[in-house]
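Remarks on the structure that follows.
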Amino acid sequence: TITNFASPLEEVERRRGVCVSARVHPGETCASWAMHGFLEFICGHSARARVLRDNFLFKVVPMLNPDGVISGQYRCSLSGTDLNRQWQTPCRFLHPTIHSCKQLLRLTKSARDVVFYCDIHGHSRKTNMFMYGCTSKSPATRLRERAFPYLLHNESLMFNYDDCNFKVQRSKDTCARVVAWKEFGISN
């Protein structure tokens with residue numbers, strides 16, 4: 001948990017939540033680098049980082065598949081499954097990190113409004129930064145879900161909004177971003 005804990009407890013309890021996870025696929029090493037950069041930034045001394053810590057409570061899981069990373073897998077865990085397809089009904093014994101992360105999302109959501117969830121991945125063919133999100137039927141919500149990627153596009157030459165995709169394919173129904181969106185109503 002990352003926030004400004006020097007604030008009064010009532011203020012900390014009112015803060016909205018942001019959840020960030022990474023490295024569900026062991027072969028996506030760039031996800032660890034992105035997470036490392038995020039952690040250095042959000043824990044750093046810049047005015048922007050202080051403003052974020054003063055206004056949000058961050059729940060961070062830097063590596064969702066340590067067993068797969070250690071054993072040299074590319075996409076699977078030691079149980080031989082793609083953990084990013086286990087979010088709908090993760091088994092506590094076969095998919096413990098996904099089960100725990102989903103519980104963390106549930107508990108955080110029950111205590112406060114969670115405004116954003118970001119699951120950091122790498123891509124084998126795209127060379128810039130982009131986001132996959134979910135598209136709501138509501139025009140007002142659709143704009144909200146696209147606002148953060150658009151802001152990133154305007155802030156960073158490395159981020160390309162045109163490479164973002166907000167479609168939810170049936171094959172993605174059990175992945176983190178779709179489950180967080182459908183079950184918990186968390187934008188991503």
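We name chains A, B, ... following the order of the structure tokens; residues begin at 1 in each chain, and ligands are numbered from 1 as shown.
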Listing only residues of region 90-179 of chain A within 10 Å of region 69-82 of chain A, what is the closest atom pair and its distance in Å (to one decimal) for each, using only C-alpha atoms, sorted by chain and residue number ascending, as a tab-separated table?
residue	atom	partner	partner_atom	distance
A:Phe93	CA	A:Ser79	CA	9.7
A:Leu94	CA	A:Ser79	CA	6.3
A:His95	CA	A:Ser79	CA	8.0
A:Cys175	CA	A:Asp82	CA	9.6
Saved selection, atoms kept: all heavy atoms, as an mmCIF file, in the first residue's frame:
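Once written, selection.cif looks like this:
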data_model
loop_
_atom_site.group_PDB
_atom_site.id
_atom_site.type_symbol
_atom_site.label_atom_id
_atom_site.label_comp_id
_atom_site.auth_asym_id
_atom_site.auth_seq_id
_atom_site.Cartn_x
_atom_site.Cartn_y
_atom_site.Cartn_z
ATOM 1 N N PHE A 93 -5.340 -22.857 -4.626
ATOM 2 C CA PHE A 93 -4.153 -23.713 -4.595
ATOM 3 C C PHE A 93 -3.379 -23.705 -5.913
ATOM 4 O O PHE A 93 -2.156 -23.739 -5.903
ATOM 5 C CB PHE A 93 -4.549 -25.141 -4.225
ATOM 6 C CG PHE A 93 -5.237 -25.208 -2.899
ATOM 7 C CD1 PHE A 93 -6.606 -25.403 -2.826
ATOM 8 C CD2 PHE A 93 -4.526 -25.036 -1.721
ATOM 9 C CE1 PHE A 93 -7.246 -25.439 -1.594
ATOM 10 C CE2 PHE A 93 -5.160 -25.073 -0.484
ATOM 11 C CZ PHE A 93 -6.526 -25.271 -0.428
ATOM 12 N N LEU A 94 -4.077 -23.664 -7.039
ATOM 13 C CA LEU A 94 -3.405 -23.670 -8.344
ATOM 14 C C LEU A 94 -3.015 -22.270 -8.822
ATOM 15 O O LEU A 94 -2.068 -22.124 -9.592
ATOM 16 C CB LEU A 94 -4.300 -24.327 -9.395
ATOM 17 C CG LEU A 94 -4.555 -25.816 -9.224
ATOM 18 C CD1 LEU A 94 -5.539 -26.314 -10.283
ATOM 19 C CD2 LEU A 94 -3.245 -26.595 -9.294
ATOM 20 N N HIS A 95 -3.757 -21.255 -8.392
ATOM 21 C CA HIS A 95 -3.528 -19.879 -8.853
ATOM 22 C C HIS A 95 -3.511 -18.932 -7.647
ATOM 23 O O HIS A 95 -4.296 -17.980 -7.588
ATOM 24 C CB HIS A 95 -4.623 -19.452 -9.838
ATOM 25 C CG HIS A 95 -5.073 -20.545 -10.744
ATOM 26 N ND1 HIS A 95 -6.343 -21.079 -10.695
ATOM 27 C CD2 HIS A 95 -4.416 -21.223 -11.720
ATOM 28 C CE1 HIS A 95 -6.458 -22.035 -11.596
ATOM 29 N NE2 HIS A 95 -5.298 -22.151 -12.225
ATOM 30 N N CYS A 175 -9.700 -12.557 -18.200
ATOM 31 C CA CYS A 175 -8.444 -11.867 -17.896
ATOM 32 C C CYS A 175 -8.691 -10.754 -16.866
ATOM 33 O O CYS A 175 -9.824 -10.358 -16.600
ATOM 34 C CB CYS A 175 -7.769 -11.348 -19.156
ATOM 35 S SG CYS A 175 -8.498 -9.885 -19.869
#
Long-range neighbours of region 164-174 of chain A as an MDAnalysis selection string, 8 Å cut-off, only C-alpha atoms, 6 positions minimum in chain: chainID A and resid 84:88 130:135 149
Alpha helix (DSSP H) call set, DSSP backbone run, region 53-106 of chain A, as number ranges by chain: A: 53-55, 66-70, 96-106
9 Å contact set for region 16-20 of chain A, only C-alpha atoms, chain neighbours under 2 positions out, as a PyMOL selection string: chain A and resi 12-14+22+35+55-62+105+108-109+112-120
Backbone DSSP call of strand (DSSP E or B) for chain A, listed as a PyMOL selection string: chain A and resi 2+16-22+56-61+114-120+129+132+159+165
Among the residues A:Gly122, A:Pro139, A:Gly185, A:Pro90, the one that comes closest to Cys30 (chain A) [using only C-alpha atoms]: A:Gly122
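The closest residue to Pro8 (chain A), picked from A:Ile186, A:Asp54, A:Glu28, A:His36 and counting only C-alpha atoms, is A:Asp54.
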Using only C-alpha atoms: which of A:Asn128, A:Thr1, A:Asn154, A:Gln103 has the shortest distance to Ile42 (chain A):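 Checking each candidate against Ile42 (chain A), we get A:Thr1 as the closest.
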Contacts of Arg106 (chain A) at 10 Å (only C-alpha atoms; same-chain gap of 6+ positions) as a ChimeraX atom specification: /A:100,114,180,183-184
